[in-house]
Amino acid sequence: MIQIAPSMLSADFLHLEKDVELVNMHADLFHLDIMDGVFVPNISYGFPVVDAMACRAEKPMDAHLMIIKPEKFVERFAKSGVSMLSFHLNASDDPASTVDLIHGCGMKAGMAINPDIPVESLFPYLDKCEYLLLMSVFAGFGGQKFIEDTYGRLRVLKAEILRRGLDCLIEVDGGVSAANAPALAEAGADILVAGSAVFKAEDPASVISSMRDASSRPFMIKK
Ligand code: DX5
Ligand code: ZN
């Protein structure tokens, strides 16, 4: 069953508790986008907000670090109660050691790549990570248009994971909606991140359930 991870970047920060409860009731994970204005050209939120969400979160928190030197903050995210921590492959001087550090702090480790980085660059790390984060937009902002090339990249990554008999999951992030969820599930996605599609909707709960339902139906490829 595919997991749905609403991106809290698009939540209503004036009424954050309401959106945290929505995820508790209807979704699987909290996706927390952490940006430093250096690795990506935007700044999001930091520990005061993460800690506030942690007070109410009943589903696991999945933090997506878009920061340079991610290893500096691994322990701090563990202290906040994050249970899945991903960082960008090209943001770390030593990705394998960063994964070890994440594991040492008791969290699941994920490696993320932007759409311009070959998926093959993740291959050496597939057996070390619990999940991979495949960006389907360039990291930095919510509300961008899904990049169609993602399907092909996802298939290549999934094929390599299956060929090697690994159980590493693939999370797809950026421009994901109920419209492309079935095709993404069919191409091999295990976790779908959705920010604006969920929180800008009139009925976020029904968007989450239609993403999940659509993804569990066999997808017919149109010729
Ligand atoms: C972008 C973030 C995404 C973003 C997704 O840098 O990693 O998680 O919030 O937002 P939508 O679903 O609106 O593209
Ligand atoms: Zn993200």
# chains A, B, ... in the order shown; residues from 1 in each chain; ligands from 1
call {"tool": "residues_near_ligand", "arguments": {"ligand": "ligand 2", "cutoff": "10 Å", "atoms": "only C-alpha atoms and all ligand atoms", "output": "count of residues only"}}
result
34
call {"tool": "residues_around", "arguments": {"residues": "Met1 (chain A)", "least_positions_apart": "6", "cutoff": "10 Å", "atoms": "only C-alpha atoms", "output": "ChimeraX atom specification"}}
result
/A:185,190-191,212-213,215-216
call {"tool": "atom_distance", "arguments": {"atom1": "CA of Leu101 (chain A)", "atom2": "CA of Ala54 (chain A)"}}
result
21.5 Å
call {"tool": "residues_around", "arguments": {"residues": "Ala205 (chain A)", "least_positions_apart": "6", "cutoff": "9 Å", "atoms": "only C-alpha atoms", "output": "MDAnalysis selection string"}}
result
chainID A and resid 22:23 25:27 198
call {"tool": "closest_residue", "arguments": {"among": "A:His88, A:Glu75, A:Glu120, A:Asp28", "to": "Gly104 (chain A)", "atoms": "only C-alpha atoms"}}
result
A:Glu75
call {"tool": "atom_distance", "arguments": {"atom1": "CA of Asn90 (chain A)", "atom2": "CA of Lys59 (chain A)"}}
result
28.9 Å
call {"tool": "residues_around", "arguments": {"residues": "Gly81 (chain A)", "least_positions_apart": "6", "cutoff": "12 Å", "atoms": "only C-alpha atoms", "output": "compact mmCIF listing (two decimals) with C-alpha atoms, in the first residue's frame"}}
result
# COMPACT_ATOMS: atom_id res chain seq x y z
CA PHE A 30 4.48 14.20 8.11
CA PHE A 47 13.23 23.64 15.11
CA VAL A 50 9.25 21.12 14.04
CA ASP A 51 9.10 20.78 17.83
CA ALA A 52 5.61 22.30 17.93
CA MET A 53 4.38 19.80 15.33
CA ALA A 54 6.10 16.98 17.21
CA CYS A 55 3.96 17.77 20.28
CA ARG A 56 0.83 16.78 18.37
CA ALA A 57 2.12 14.42 15.66
CA GLU A 58 0.84 10.85 15.99
CA LYS A 59 2.27 9.72 12.64
CA PRO A 60 6.01 9.43 11.95
CA MET A 61 7.85 12.61 10.97
CA ASP A 62 9.87 12.44 7.75
CA ALA A 63 12.28 15.39 7.47
CA VAL A 74 21.33 14.89 12.40
CA GLU A 75 21.38 14.51 16.17
CA CYS A 105 20.75 8.26 16.05
CA GLY A 106 18.02 5.64 15.59
CA MET A 107 16.40 7.07 12.45
CA LYS A 108 15.71 5.68 8.98
call {"tool": "closest_residue", "arguments": {"among": "A:Ala178, A:Leu169, A:Leu122, A:Ala183", "to": "ligand 1", "atoms": "only C-alpha atoms and all ligand atoms"}}
result
A:Ala178
call {"tool": "select_by_dssp", "arguments": {"residues": "region 25-136 of chain A", "states": "strand (DSSP E)", "output": "JSON, numbers by chain"}}
result
{"A": [30, 31, 32, 33, 34, 35, 61, 62, 63, 64, 65, 66, 84, 85, 86, 87, 88, 108, 109, 110, 111, 112, 113, 131, 132, 133, 134, 135]}
call {"tool": "write_last_selection", "arguments": {"atoms": "C-alpha atoms", "output": "PDB file, in the first residue's frame"}}
result
ATOM      1  CA  PHE A  30       4.478  14.195   8.115  1.00  0.00           C
ATOM      2  CA  HIS A  31       6.833  15.491   5.409  1.00  0.00           C
ATOM      3  CA  LEU A  32       8.915  18.352   6.832  1.00  0.00           C
ATOM      4  CA  ASP A  33      10.857  20.452   4.311  1.00  0.00           C
ATOM      5  CA  ILE A  34      13.920  22.062   5.874  1.00  0.00           C
ATOM      6  CA  MET A  35      15.620  24.706   3.688  1.00  0.00           C
ATOM      7  CA  MET A  61       7.850  12.610  10.968  1.00  0.00           C
ATOM      8  CA  ASP A  62       9.867  12.445   7.753  1.00  0.00           C
ATOM      9  CA  ALA A  63      12.278  15.393   7.468  1.00  0.00           C
ATOM     10  CA  HIS A  64      13.702  16.328   4.062  1.00  0.00           C
ATOM     11  CA  LEU A  65      16.890  18.331   4.577  1.00  0.00           C
ATOM     12  CA  MET A  66      17.687  20.795   1.785  1.00  0.00           C
ATOM     13  CA  MET A  84      12.966   9.397   8.880  1.00  0.00           C
ATOM     14  CA  LEU A  85      15.719  11.783   7.801  1.00  0.00           C
ATOM     15  CA  SER A  86      16.773  12.438   4.213  1.00  0.00           C
ATOM     16  CA  PHE A  87      19.521  14.682   2.835  1.00  0.00           C
ATOM     17  CA  HIS A  88      20.656  15.551  -0.678  1.00  0.00           C
ATOM     18  CA  LYS A 108      15.713   5.678   8.979  1.00  0.00           C
ATOM     19  CA  ALA A 109      18.019   7.205   6.378  1.00  0.00           C
ATOM     20  CA  GLY A 110      17.048   8.557   2.983  1.00  0.00           C
ATOM     21  CA  MET A 111      19.089  10.061   0.156  1.00  0.00           C
ATOM     22  CA  ALA A 112      17.547  12.692  -2.083  1.00  0.00           C
ATOM     23  CA  ILE A 113      18.406  13.832  -5.596  1.00  0.00           C
ATOM     24  CA  TYR A 131      14.490   5.047   1.313  1.00  0.00           C
ATOM     25  CA  LEU A 132      15.396   7.337  -1.554  1.00  0.00           C
ATOM     26  CA  LEU A 133      13.794  10.679  -2.262  1.00  0.00           C
ATOM     27  CA  LEU A 134      13.372  11.302  -5.952  1.00  0.00           C
ATOM     28  CA  MET A 135      12.580  14.956  -6.596  1.00  0.00           C
TER      29      MET A 135
END
call {"tool": "select_by_dssp", "arguments": {"residues": "region 97-182 of chain A", "states": "alpha helix (DSSP H)", "output": "PyMOL selection string"}}
result
chain A and resi 97-104+150-163+181-182
call {"tool": "closest_residue", "arguments": {"among": "A:Asp36, A:Asp19, A:Asp203, A:Asp149", "to": "ligand 1", "atoms": "only C-alpha atoms and all ligand atoms"}}
result
A:Asp36
call {"tool": "atom_distance", "arguments": {"atom1": "CA of Ala187 (chain A)", "atom2": "CA of Leu89 (chain A)"}}
result
22.4 Å
call {"tool": "closest_residue", "arguments": {"among": "A:His15, A:Lys128, A:Lys69, A:Lys200", "to": "Asp93 (chain A)", "atoms": "only C-alpha atoms"}}
result
A:Lys69
call {"tool": "closest_residue", "arguments": {"among": "A:Glu21, A:Asp127, A:Ala11, A:Asn180", "to": "Phe146 (chain A)", "atoms": "only C-alpha atoms"}}
result
A:Asn180
call {"tool": "residues_around", "arguments": {"residues": "Ile161 (chain A)", "least_positions_apart": "5", "cutoff": "10 Å", "atoms": "only C-alpha atoms", "output": "PyMOL selection string"}}
result
chain A and resi 123+126-127+155-156+166-170
call {"tool": "write_last_selection", "arguments": {"atoms": "N, CA, C and O atoms", "output": "PDB file, in the first residue's frame"}}
result
ATOM      1  N   PHE A 123      23.018   4.453  -6.878  1.00  0.00           N
ATOM      2  CA  PHE A 123      23.193   2.992  -6.859  1.00  0.00           C
ATOM      3  C   PHE A 123      24.171   2.506  -5.785  1.00  0.00           C
ATOM      4  O   PHE A 123      23.916   1.487  -5.138  1.00  0.00           O
ATOM      5  N   LEU A 126      22.254   2.101  -2.315  1.00  0.00           N
ATOM      6  CA  LEU A 126      20.917   1.499  -2.192  1.00  0.00           C
ATOM      7  C   LEU A 126      20.800   0.522  -1.028  1.00  0.00           C
ATOM      8  O   LEU A 126      19.746   0.394  -0.419  1.00  0.00           O
ATOM      9  N   ASP A 127      21.889  -0.179  -0.746  1.00  0.00           N
ATOM     10  CA  ASP A 127      21.799  -1.176   0.330  1.00  0.00           C
ATOM     11  C   ASP A 127      22.024  -0.556   1.710  1.00  0.00           C
ATOM     12  O   ASP A 127      21.910  -1.241   2.723  1.00  0.00           O
ATOM     13  N   ARG A 155      11.343   4.332 -12.840  1.00  0.00           N
ATOM     14  CA  ARG A 155      11.399   2.943 -13.318  1.00  0.00           C
ATOM     15  C   ARG A 155      12.818   2.383 -13.252  1.00  0.00           C
ATOM     16  O   ARG A 155      13.025   1.231 -12.863  1.00  0.00           O
ATOM     17  N   VAL A 156      13.813   3.213 -13.625  1.00  0.00           N
ATOM     18  CA  VAL A 156      15.206   2.754 -13.607  1.00  0.00           C
ATOM     19  C   VAL A 156      15.630   2.443 -12.161  1.00  0.00           C
ATOM     20  O   VAL A 156      16.227   1.389 -11.881  1.00  0.00           O
ATOM     21  N   LEU A 166      16.596  -5.666  -2.937  1.00  0.00           N
ATOM     22  CA  LEU A 166      16.665  -4.773  -1.767  1.00  0.00           C
ATOM     23  C   LEU A 166      15.259  -4.309  -1.380  1.00  0.00           C
ATOM     24  O   LEU A 166      14.340  -4.399  -2.191  1.00  0.00           O
ATOM     25  N   ASP A 167      15.128  -3.818  -0.146  1.00  0.00           N
ATOM     26  CA  ASP A 167      13.776  -3.349   0.200  1.00  0.00           C
ATOM     27  C   ASP A 167      13.730  -1.849   0.466  1.00  0.00           C
ATOM     28  O   ASP A 167      12.918  -1.356   1.225  1.00  0.00           O
ATOM     29  N   CYS A 168      14.608  -1.141  -0.202  1.00  0.00           N
ATOM     30  CA  CYS A 168      14.670   0.308  -0.122  1.00  0.00           C
ATOM     31  C   CYS A 168      13.415   0.925  -0.783  1.00  0.00           C
ATOM     32  O   CYS A 168      13.056   0.540  -1.885  1.00  0.00           O
ATOM     33  N   LEU A 169      12.761   1.838  -0.077  1.00  0.00           N
ATOM     34  CA  LEU A 169      11.539   2.451  -0.625  1.00  0.00           C
ATOM     35  C   LEU A 169      11.888   3.687  -1.458  1.00  0.00           C
ATOM     36  O   LEU A 169      12.941   4.291  -1.271  1.00  0.00           O
ATOM     37  N   ILE A 170      10.972   4.052  -2.348  1.00  0.00           N
ATOM     38  CA  ILE A 170      11.168   5.282  -3.139  1.00  0.00           C
ATOM     39  C   ILE A 170      10.044   6.267  -2.819  1.00  0.00           C
ATOM     40  O   ILE A 170       8.859   5.939  -2.928  1.00  0.00           O
TER      41      ILE A 170
END
call {"tool": "decode", "arguments": {"residues": "region 122-151 of chain A", "atoms": "C-alpha atoms", "output": "short mmCIF file (atom, residue, chain, number, x, y, z; two decimals), in the first residue's frame"}}
result
data_model
loop_
_atom_site.label_atom_id
_atom_site.label_comp_id
_atom_site.auth_asym_id
_atom_site.auth_seq_id
_atom_site.Cartn_x
_atom_site.Cartn_y
_atom_site.Cartn_z
CA LEU A 122 22.33 6.59 -5.91
CA PHE A 123 23.19 2.99 -6.86
CA PRO A 124 26.25 2.68 -4.55
CA TYR A 125 24.06 3.55 -1.55
CA LEU A 126 20.92 1.50 -2.19
CA ASP A 127 21.80 -1.18 0.33
CA LYS A 128 22.54 1.39 3.05
CA CYS A 129 19.36 3.47 2.87
CA GLU A 130 15.81 2.66 3.96
CA TYR A 131 14.49 5.05 1.31
CA LEU A 132 15.40 7.34 -1.55
CA LEU A 133 13.79 10.68 -2.26
CA LEU A 134 13.37 11.30 -5.95
CA MET A 135 12.58 14.96 -6.60
CA SER A 136 10.02 15.52 -9.33
CA VAL A 137 10.62 19.29 -9.21
CA PHE A 138 13.79 21.21 -8.28
CA ALA A 139 13.96 21.39 -4.50
CA GLY A 140 13.22 24.79 -2.99
CA PHE A 141 9.56 25.67 -3.43
CA GLY A 142 6.14 24.12 -3.13
CA GLY A 143 3.57 24.45 -5.89
CA GLN A 144 5.81 23.71 -8.90
CA LYS A 145 4.83 21.72 -11.96
CA PHE A 146 5.61 17.99 -11.94
CA ILE A 147 8.49 17.04 -14.28
CA GLU A 148 7.35 14.20 -16.57
CA ASP A 149 10.85 12.68 -16.87
CA THR A 150 10.33 11.43 -13.33
CA TYR A 151 8.46 8.33 -14.52
#
